[in-house]
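Enquirer: So that you have it, the file is query34.txt, and it contains compact mmCIF, C-alpha atoms (C1' of nucleotides):
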```
# COMPACT_ATOMS: atom_id res chain seq x y z
CA MET I 1 132.92 27.33 125.74
CA ASN I 2 131.14 28.91 128.66
CA VAL I 3 128.76 26.45 130.34
CA LEU I 4 126.88 26.20 133.62
CA ALA I 5 128.72 23.89 136.03
CA ALA I 6 127.15 21.38 138.44
CA ASP I 7 127.25 23.86 141.35
CA PHE I 8 124.81 26.10 139.47
CA TYR I 9 122.24 23.29 139.61
CA ALA I 10 123.08 22.05 143.12
CA ARG I 11 120.92 24.76 144.68
CA PRO I 12 117.25 25.08 145.68
CA VAL I 13 115.25 24.20 142.60
CA LEU I 14 113.18 27.41 142.75
CA GLU I 15 116.33 29.51 142.51
CA VAL I 16 117.57 27.51 139.56
CA ALA I 17 114.19 27.76 137.82
CA ARG I 18 114.41 31.55 137.99
CA ASP I 19 118.07 31.71 137.06
CA LEU I 20 117.70 29.46 134.02
CA ILE I 21 115.46 32.09 132.40
CA GLY I 22 117.72 33.82 129.86
CA CYS I 23 120.16 30.91 129.62
CA ILE I 24 120.63 29.22 126.26
CA VAL I 25 119.91 25.61 125.31
CA GLU I 26 122.06 24.31 122.45
CA HIS I 27 121.80 21.06 120.52
CA GLY I 28 123.90 20.81 117.40
CA SER I 29 123.33 23.89 115.28
CA ALA I 30 120.04 24.75 116.99
CA ALA I 31 119.79 27.00 120.03
CA GLY I 32 117.27 29.10 121.92
CA VAL I 33 116.89 31.32 124.99
CA ILE I 34 114.92 29.83 127.88
CA VAL I 35 111.84 32.00 128.43
CA GLU I 36 109.68 29.67 130.55
CA THR I 37 110.44 27.11 133.29
CA GLU I 38 108.73 25.13 136.03
CA ALA I 39 110.22 23.72 139.24
CA TYR I 40 109.54 20.23 140.60
CA HIS I 41 110.68 18.83 143.96
CA GLU I 42 110.39 15.41 145.58
CA ARG I 43 108.47 16.84 148.53
CA GLU I 44 105.41 17.76 146.42
CA PRO I 45 103.22 15.20 144.62
CA ALA I 46 103.34 16.69 141.12
CA CYS I 47 107.02 15.74 140.94
CA HIS I 48 107.87 12.34 139.48
CA ALA I 49 110.40 11.95 142.29
CA PHE I 50 107.60 12.10 144.88
CA ILE I 51 107.30 8.30 144.79
CA GLY I 52 111.00 7.82 145.44
CA PRO I 53 113.74 6.35 143.28
CA THR I 54 112.45 3.98 140.58
CA SER I 55 113.68 3.06 137.13
CA ARG I 56 111.83 6.07 135.78
CA THR I 57 112.98 8.59 138.38
CA ARG I 58 116.56 7.45 138.90
CA THR I 59 117.97 10.38 136.94
CA LEU I 60 116.15 12.86 139.17
CA PHE I 61 118.01 11.59 142.23
CA GLY I 62 121.36 11.57 140.46
CA PRO I 63 124.00 14.29 140.13
CA PRO I 64 122.79 17.86 139.43
CA GLY I 65 123.36 19.33 135.99
CA ARG I 66 122.19 16.26 134.09
CA ALA I 67 119.28 16.10 131.68
CA TYR I 68 116.11 14.31 132.78
CA VAL I 69 114.20 13.45 129.61
CA TYR I 70 111.01 11.40 129.76
CA ARG I 71 108.13 10.55 127.45
CA SER I 72 104.90 12.39 128.03
CA TYR I 73 101.52 11.16 126.83
CA GLY I 74 103.30 8.46 124.86
CA ILE I 75 104.32 11.02 122.28
CA HIS I 76 106.50 13.86 123.49
CA ALA I 77 109.93 14.03 125.09
CA LEU I 78 110.13 16.60 127.88
CA LEU I 79 113.46 18.13 128.91
CA ASN I 80 114.41 18.92 132.51
CA ALA I 81 117.62 19.97 134.27
CA VAL I 82 118.29 17.93 137.43
CA CYS I 83 118.81 20.18 140.47
CA GLU I 84 119.65 20.16 144.19
CA PRO I 85 122.42 18.00 145.68
CA GLU I 86 122.74 14.39 144.55
CA GLY I 87 120.21 12.25 146.42
CA VAL I 88 117.48 14.91 146.30
CA GLY I 89 114.93 14.39 143.51
CA ALA I 90 114.28 17.77 141.88
CA ALA I 91 114.38 19.29 138.41
CA VAL I 92 113.49 22.32 136.32
CA LEU I 93 111.25 21.65 133.33
CA ILE I 94 112.22 23.72 130.30
CA ARG I 95 108.86 24.79 128.87
CA ALA I 96 109.67 27.27 126.11
CA LEU I 97 112.56 28.77 124.13
CA GLN I 98 112.98 31.84 122.00
CA PRO I 99 114.81 30.44 118.96
CA ILE I 100 118.18 32.02 118.16
CA THR I 101 119.98 29.83 115.65
CA GLY I 102 119.18 26.80 113.51
CA LEU I 103 115.62 27.87 112.81
CA GLU I 104 115.61 26.04 109.49
CA ALA I 105 116.72 22.82 111.19
CA MET I 106 113.96 23.34 113.74
CA ARG I 107 111.35 23.78 111.01
CA ALA I 108 112.60 20.64 109.31
CA ARG I 109 111.96 18.67 112.50
CA ARG I 110 108.57 20.22 113.25
CA PRO I 111 105.46 18.78 111.58
CA ALA I 112 104.24 20.48 108.43
CA VAL I 113 102.19 17.72 106.82
CA ASN I 114 98.47 18.26 106.41
CA SER I 115 98.52 21.55 108.22
CA PRO I 116 99.05 25.19 107.42
CA VAL I 117 102.81 25.52 107.82
CA ALA I 118 102.48 28.90 109.51
CA ARG I 119 100.80 27.19 112.42
CA THR I 120 103.84 25.16 113.44
CA HIS I 121 106.67 26.93 111.64
CA ALA I 122 106.28 30.55 112.69
CA ASP I 123 109.14 31.60 114.98
CA GLU I 124 106.86 31.93 117.99
CA HIS I 125 105.45 28.42 117.49
CA LEU I 126 108.72 26.53 117.00
CA CYS I 127 109.65 26.09 120.68
CA SER I 128 106.61 27.41 122.58
CA GLY I 129 105.97 24.28 124.63
CA PRO I 130 107.94 21.53 126.36
CA GLY I 131 107.15 18.94 123.69
CA LYS I 132 107.69 21.37 120.84
CA LEU I 133 111.15 22.48 121.87
CA THR I 134 112.54 18.95 122.20
CA GLN I 135 111.16 18.19 118.77
CA ALA I 136 112.63 21.38 117.30
CA LEU I 137 116.04 20.73 118.89
CA GLY I 138 116.05 17.04 118.06
CA VAL I 139 116.29 16.03 121.73
CA SER I 140 115.12 12.50 122.49
CA LEU I 141 114.95 10.05 125.38
CA ALA I 142 118.49 9.03 124.49
CA GLU I 143 119.66 12.26 126.14
CA ASN I 144 118.25 11.21 129.52
CA GLY I 145 121.06 11.32 132.06
CA SER I 146 123.46 13.24 129.84
CA ASP I 147 125.68 15.96 131.31
CA LEU I 148 124.35 19.40 130.35
CA SER I 149 127.81 20.94 130.68
CA ALA I 150 129.59 18.51 128.36
CA GLY I 151 128.11 16.95 125.27
CA ALA I 152 125.90 17.74 122.31
CA LEU I 153 123.10 19.02 124.51
CA ARG I 154 124.23 21.98 126.60
CA ILE I 155 122.92 24.88 128.62
CA VAL I 156 125.08 28.02 128.63
CA PRO I 157 124.73 31.37 130.46
CA PRO I 158 122.86 34.31 128.95
CA SER I 159 124.52 36.30 126.20
CA ARG I 160 125.93 39.77 126.90
CA ALA I 161 122.97 41.28 125.09
CA TRP I 162 120.42 39.63 127.37
CA GLN I 163 118.67 42.10 129.64
CA GLU I 164 117.27 40.97 132.95
CA PRO I 165 113.55 40.56 132.25
CA ARG I 166 110.56 41.06 134.47
CA LEU I 167 109.51 37.57 135.57
CA LEU I 168 105.94 36.40 135.99
CA GLU I 169 105.20 33.49 138.30
CA GLY I 170 102.10 31.36 138.62
CA PRO I 171 100.71 27.83 138.87
CA ARG I 172 102.28 25.05 136.83
CA ILE I 173 100.55 23.82 133.68
CA GLY I 174 98.94 20.47 133.04
CA ILE I 175 99.26 18.90 136.48
CA SER I 176 96.55 17.56 138.75
CA ARG I 177 98.28 17.63 142.12
CA ALA I 178 99.94 20.46 144.03
CA VAL I 179 98.23 22.77 141.57
CA GLU I 180 98.40 25.69 143.97
CA LEU I 181 102.18 26.07 144.04
CA PRO I 182 103.29 29.11 141.98
CA TRP I 183 106.33 27.37 140.57
CA ARG I 184 106.04 28.41 136.93
CA PHE I 185 108.23 31.28 135.72
CA CYS I 186 108.27 33.11 132.44
CA VAL I 187 109.42 36.30 130.79
CA ALA I 188 106.68 38.94 130.95
CA GLY I 189 105.33 39.78 127.52
CA ASN I 190 107.48 37.30 125.63
CA ARG I 191 105.78 35.90 122.51
CA HIS I 192 107.52 32.54 122.72
CA VAL I 193 105.98 31.24 125.97
CA SER I 194 103.74 28.17 125.84
CA ARG I 195 100.60 29.93 127.00
CA PRO I 196 99.40 33.48 127.49
CA TRP I 197 99.62 34.50 131.11
CA PRO I 198 96.38 33.93 133.01
CA ARG I 199 94.90 37.17 134.31
C1' DC D 1 100.57 -10.11 133.26
C1' DA D 2 96.70 -6.24 132.62
C1' DT D 3 95.50 -1.88 133.43
C1' DG D 4 95.43 3.12 133.82
C1' DG D 5 97.23 7.56 133.87
C1' DG D 6 99.86 11.22 132.41
C1' DA D 7 104.74 17.90 133.47
C1' DT D 8 101.19 17.61 125.41
C1' DT D 9 100.03 18.79 120.86
C1' DG D 10 97.44 19.60 116.72
C1' DA D 11 93.21 18.88 114.24
C1' DC D 12 88.62 19.61 114.21
C1' DT D 13 83.48 21.20 115.72
C1' DG S 1 85.92 24.10 123.35
C1' DT S 2 86.65 18.84 122.52
C1' DC S 3 89.34 14.83 121.42
C1' DA S 4 92.56 11.24 119.81
C1' DA S 5 97.30 9.78 119.30
C1' DT S 6 100.60 6.69 121.69
C1' DC S 7 104.09 4.56 125.15
C1' DC S 8 106.52 4.17 129.41
C1' DC S 9 106.14 2.63 133.76
C1' DA S 10 103.91 2.15 138.46
C1' DT S 11 100.60 -0.44 140.51
C1' DG S 12 97.66 -4.31 141.57
C1' DC S 13 95.96 -8.94 140.88
```
For this file, write the structure as structure tokens.

Expert:
Amino acid sequence: MNVLAADFYARPVLEVARDLIGCIVEHGSAAGVIVETEAYHEREPACHAFIGPTSRTRTLFGPPGRAYVYRSYGIHALLNAVCEPEGVGAAVLIRALQPITGLEAMRARRPAVNSPVARTHADEHLCSGPGKLTQALGVSLAENGSDLSAGALRIVPPSRAWQEPRLLEGPRIGISRAVELPWRFCVAGNRHVSRPWPR
DNA sequence: CATGGGATTGACT
DNA sequence: GTCAATCCCATGC
């Protein structure tokens, strides 16, 4: 199986954030194309690694090509790919996927109680957010530190059919510091991104 | 040991 | 548009 090796991730995090667009995240029978990413680096204060190595951020300073999964708002697991050489704290947050396979498994893991199912189960709502896609794929904190090139959770290169998209870039979502950095990337016009592009 | 703040989401006004 | 849910962990006393 074709996977991205550690040297792919051991590069400047902004390059990896762009290059991960179009790559495929697989977990079990479920998979989707990455259509939205954000870059984080220890030198800017929005990055968890800004404070240095702690029990929470240890994974970020570890070898590139591992998963950094952490709990957000006490509820959601957010998936990142650790980047830059070992010792540098940096990662790419995977913010949205276009589902390819295992859509029924995704729907089974997404909430449907007490809500119109269409709201959470339509294709374009299954993985259109960093907390949604981990839920849809069944990724949990247990995957923190796992090798993204070997194991149940993998990232593989784009399929042959994937056409190089036009990329939009802009400010990252949901942060309060370093808000000015245009380190968010997404596929122009794609319906599966977490938010419409700001004008 | 107590506190406060999130790289979010979905329900509701 | 507003708001609660919920938990890990960094920080400060």

Enquirer: Give as a PyMOL selection string every residue of chain D that touches chain I within 10 Å, counting only C-alpha atoms (C1' of nucleotides).

Expert: chain D and resi 5-11

Enquirer: Create the file for the chosen residues now, containing C-alpha atoms (C1' of nucleotides) and written as a short mmCIF file (atom, residue, chain, number, x, y, z; two decimals), in the frame of the given file.

Expert:
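Here's the written file selection.cif:
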```cif
data_model
loop_
_atom_site.label_atom_id
_atom_site.label_comp_id
_atom_site.auth_asym_id
_atom_site.auth_seq_id
_atom_site.Cartn_x
_atom_site.Cartn_y
_atom_site.Cartn_z
"C1'" DG D 5 97.23 7.56 133.87
"C1'" DG D 6 99.86 11.22 132.41
"C1'" DA D 7 104.74 17.90 133.47
"C1'" DT D 8 101.19 17.61 125.41
"C1'" DT D 9 100.03 18.79 120.86
"C1'" DG D 10 97.44 19.60 116.72
"C1'" DA D 11 93.21 18.88 114.24
#
```

Enquirer: Can you list, as a list in words, every protein, DNA or RNA residue that comes within 9 Å of Ala49 (chain I) when you count all atoms listed in the file, leaving out same-chain residues fewer than 4 positions away?

Expert: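 Residues meeting the cut-off are Tyr40, His41, Glu42, Arg43, Glu44, Pro45, Pro53, Thr54, Arg56, Thr57, Arg58, Leu60, Phe61, Val88, Gly89 and Ala90 of chain I.
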
Enquirer: Which chain S residues have any atom within 12 Å of an atom of chain I, and for each, what is the nearest pair of atoms with distance in Å to one decimal, counting all atoms listed in the file, rows sorted by chain and number, as JSON lines?

Expert:
```
{"residue": "S:DA4", "atom": "C1'", "partner": "I:Tyr73", "partner_atom": "CA", "distance": 11.4}
{"residue": "S:DA5", "atom": "C1'", "partner": "I:Ile75", "partner_atom": "CA", "distance": 7.7}
{"residue": "S:DT6", "atom": "C1'", "partner": "I:Gly74", "partner_atom": "CA", "distance": 4.5}
{"residue": "S:DC7", "atom": "C1'", "partner": "I:Gly74", "partner_atom": "CA", "distance": 4.0}
{"residue": "S:DC8", "atom": "C1'", "partner": "I:Arg71", "partner_atom": "CA", "distance": 6.9}
{"residue": "S:DC9", "atom": "C1'", "partner": "I:Arg56", "partner_atom": "CA", "distance": 6.9}
{"residue": "S:DA10", "atom": "C1'", "partner": "I:Thr54", "partner_atom": "CA", "distance": 9.0}
{"residue": "S:DT11", "atom": "C1'", "partner": "I:Ile51", "partner_atom": "CA", "distance": 11.8}
```

Enquirer: CA of Leu181 (chain I) and CA of Asp7 (chain I), how far apart in Å?

Expert: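 Value for the CA of Asp7 (chain I)-CA of Leu181 (chain I) distance: 25.3 Å.
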
Enquirer: Hey, can you check how far CA of Leu4 (chain I) sits from CA of Leu153 (chain I)?

Expert: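 Those two atoms sit 12.2 Å apart.
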
Enquirer: Just to confirm, what's the straight-line distance from CA of Glu26 (chain I) to CA of Arg154 (chain I) in Å (one decimal)?

Expert: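 Here the two named atoms are 5.2 Å from each other.
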
Enquirer: Env of Pro182 (chain I): 6 Å cut, atoms = only C-alpha atoms (C1' of nucleotides), seq-sep filter 2 positions within chain, self excluded. Answer as a PyMOL selection string.

Expert: chain I and resi 170-171+184

Enquirer: Please determine the residues with any atom at most 9 Å from (113.7, 26.3, 142.9) (coordinates as given in the file, with only C-alpha atoms (C1' of nucleotides) counting) and report them as a PDB file with C-alpha atoms, in the frame of the given file.

Expert:
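Everything below was put into selection_13.pdb:
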```pdb
ATOM      1  CA  ARG I  11     120.920  24.760 144.680  1.00  0.00           C
ATOM      2  CA  PRO I  12     117.250  25.080 145.680  1.00  0.00           C
ATOM      3  CA  VAL I  13     115.250  24.200 142.600  1.00  0.00           C
ATOM      4  CA  LEU I  14     113.180  27.410 142.750  1.00  0.00           C
ATOM      5  CA  GLU I  15     116.330  29.510 142.510  1.00  0.00           C
ATOM      6  CA  VAL I  16     117.570  27.510 139.560  1.00  0.00           C
ATOM      7  CA  ALA I  17     114.190  27.760 137.820  1.00  0.00           C
ATOM      8  CA  ARG I  18     114.410  31.550 137.990  1.00  0.00           C
ATOM      9  CA  GLU I  38     108.730  25.130 136.030  1.00  0.00           C
ATOM     10  CA  ALA I  39     110.220  23.720 139.240  1.00  0.00           C
ATOM     11  CA  TYR I  40     109.540  20.230 140.600  1.00  0.00           C
ATOM     12  CA  HIS I  41     110.680  18.830 143.960  1.00  0.00           C
ATOM     13  CA  CYS I  83     118.810  20.180 140.470  1.00  0.00           C
ATOM     14  CA  GLU I  84     119.650  20.160 144.190  1.00  0.00           C
ATOM     15  CA  ALA I  90     114.280  17.770 141.880  1.00  0.00           C
ATOM     16  CA  ALA I  91     114.380  19.290 138.410  1.00  0.00           C
ATOM     17  CA  VAL I  92     113.490  22.320 136.320  1.00  0.00           C
ATOM     18  CA  TRP I 183     106.330  27.370 140.570  1.00  0.00           C
TER      19      TRP I 183
END
```

Enquirer: Output as an mmCIF file, in the frame of the given file: region 91-113 of chain I, completed with N, CA, C and O atoms.

Expert:
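Dumped everything to selection17.cif:
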```cif
data_model
loop_
_atom_site.group_PDB
_atom_site.id
_atom_site.type_symbol
_atom_site.label_atom_id
_atom_site.label_comp_id
_atom_site.auth_asym_id
_atom_site.auth_seq_id
_atom_site.Cartn_x
_atom_site.Cartn_y
_atom_site.Cartn_z
ATOM 1 N N ALA I 91 113.980 18.904 139.765
ATOM 2 C CA ALA I 91 114.380 19.290 138.410
ATOM 3 C C ALA I 91 113.602 20.510 137.960
ATOM 4 O O ALA I 91 112.533 20.821 138.487
ATOM 5 N N VAL I 92 114.167 21.193 136.975
ATOM 6 C CA VAL I 92 113.490 22.320 136.320
ATOM 7 C C VAL I 92 113.080 21.863 134.924
ATOM 8 O O VAL I 92 113.912 21.430 134.130
ATOM 9 N N LEU I 93 111.778 21.952 134.656
ATOM 10 C CA LEU I 93 111.250 21.650 133.330
ATOM 11 C C LEU I 93 111.442 22.861 132.431
ATOM 12 O O LEU I 93 111.033 23.970 132.784
ATOM 13 N N ILE I 94 112.076 22.647 131.278
ATOM 14 C CA ILE I 94 112.220 23.720 130.300
ATOM 15 C C ILE I 94 110.961 23.730 129.441
ATOM 16 O O ILE I 94 110.709 22.790 128.697
ATOM 17 N N ARG I 95 110.171 24.792 129.534
ATOM 18 C CA ARG I 95 108.860 24.790 128.870
ATOM 19 C C ARG I 95 108.811 25.570 127.561
ATOM 20 O O ARG I 95 107.916 25.341 126.741
ATOM 21 N N ALA I 96 109.718 26.516 127.365
ATOM 22 C CA ALA I 96 109.670 27.270 126.110
ATOM 23 C C ALA I 96 111.010 27.957 125.859
ATOM 24 O O ALA I 96 111.714 28.357 126.786
ATOM 25 N N LEU I 97 111.336 28.083 124.563
ATOM 26 C CA LEU I 97 112.560 28.770 124.130
ATOM 27 C C LEU I 97 112.196 29.833 123.108
ATOM 28 O O LEU I 97 111.234 29.686 122.352
ATOM 29 N N GLN I 98 113.019 30.882 123.103
ATOM 30 C CA GLN I 98 112.980 31.840 122.000
ATOM 31 C C GLN I 98 114.103 31.435 121.063
ATOM 32 O O GLN I 98 115.274 31.517 121.410
ATOM 33 N N PRO I 99 113.773 30.959 119.865
ATOM 34 C CA PRO I 99 114.810 30.440 118.960
ATOM 35 C C PRO I 99 115.839 31.508 118.606
ATOM 36 O O PRO I 99 115.483 32.668 118.388
ATOM 37 N N ILE I 100 117.110 31.093 118.554
ATOM 38 C CA ILE I 100 118.180 32.020 118.160
ATOM 39 C C ILE I 100 118.843 31.571 116.865
ATOM 40 O O ILE I 100 118.970 32.341 115.924
ATOM 41 N N THR I 101 119.292 30.346 116.847
ATOM 42 C CA THR I 101 119.980 29.830 115.650
ATOM 43 C C THR I 101 119.397 28.478 115.260
ATOM 44 O O THR I 101 118.771 27.805 116.066
ATOM 45 N N GLY I 102 119.639 28.100 113.993
ATOM 46 C CA GLY I 102 119.180 26.800 113.510
ATOM 47 C C GLY I 102 117.695 26.734 113.294
ATOM 48 O O GLY I 102 117.094 25.659 113.378
ATOM 49 N N LEU I 103 117.075 27.870 112.975
ATOM 50 C CA LEU I 103 115.620 27.870 112.810
ATOM 51 C C LEU I 103 115.174 26.987 111.648
ATOM 52 O O LEU I 103 114.099 26.383 111.714
ATOM 53 N N GLU I 104 116.002 26.904 110.615
ATOM 54 C CA GLU I 104 115.610 26.040 109.490
ATOM 55 C C GLU I 104 115.650 24.575 109.891
ATOM 56 O O GLU I 104 114.790 23.783 109.501
ATOM 57 N N ALA I 105 116.654 24.199 110.690
ATOM 58 C CA ALA I 105 116.720 22.820 111.190
ATOM 59 C C ALA I 105 115.526 22.527 112.083
ATOM 60 O O ALA I 105 114.960 21.437 112.053
ATOM 61 N N MET I 106 115.136 23.519 112.876
ATOM 62 C CA MET I 106 113.960 23.340 113.740
ATOM 63 C C MET I 106 112.718 23.109 112.884
ATOM 64 O O MET I 106 111.931 22.195 113.148
ATOM 65 N N ARG I 107 112.536 23.924 111.861
ATOM 66 C CA ARG I 107 111.350 23.780 111.010
ATOM 67 C C ARG I 107 111.339 22.415 110.338
ATOM 68 O O ARG I 107 110.289 21.802 110.184
ATOM 69 N N ALA I 108 112.518 21.934 109.971
ATOM 70 C CA ALA I 108 112.600 20.640 109.310
ATOM 71 C C ALA I 108 112.149 19.516 110.242
ATOM 72 O O ALA I 108 111.639 18.493 109.792
ATOM 73 N N ARG I 109 112.343 19.719 111.546
ATOM 74 C CA ARG I 109 111.960 18.670 112.500
ATOM 75 C C ARG I 109 110.540 18.834 113.016
ATOM 76 O O ARG I 109 110.003 17.931 113.636
ATOM 77 N N ARG I 110 109.942 19.991 112.785
ATOM 78 C CA ARG I 110 108.570 20.220 113.250
ATOM 79 C C ARG I 110 107.585 19.782 112.170
ATOM 80 O O ARG I 110 107.874 19.869 110.993
ATOM 81 N N PRO I 111 106.405 19.291 112.572
ATOM 82 C CA PRO I 111 105.460 18.780 111.580
ATOM 83 C C PRO I 111 104.949 19.872 110.660
ATOM 84 O O PRO I 111 104.729 20.999 111.079
ATOM 85 N N ALA I 112 104.762 19.518 109.393
ATOM 86 C CA ALA I 112 104.240 20.480 108.430
ATOM 87 C C ALA I 112 103.264 19.790 107.495
ATOM 88 O O ALA I 112 102.706 20.413 106.620
ATOM 89 N N VAL I 113 103.063 18.484 107.699
ATOM 90 C CA VAL I 113 102.190 17.720 106.820
ATOM 91 C C VAL I 113 100.739 17.944 107.208
ATOM 92 O O VAL I 113 100.387 17.953 108.379
#
```
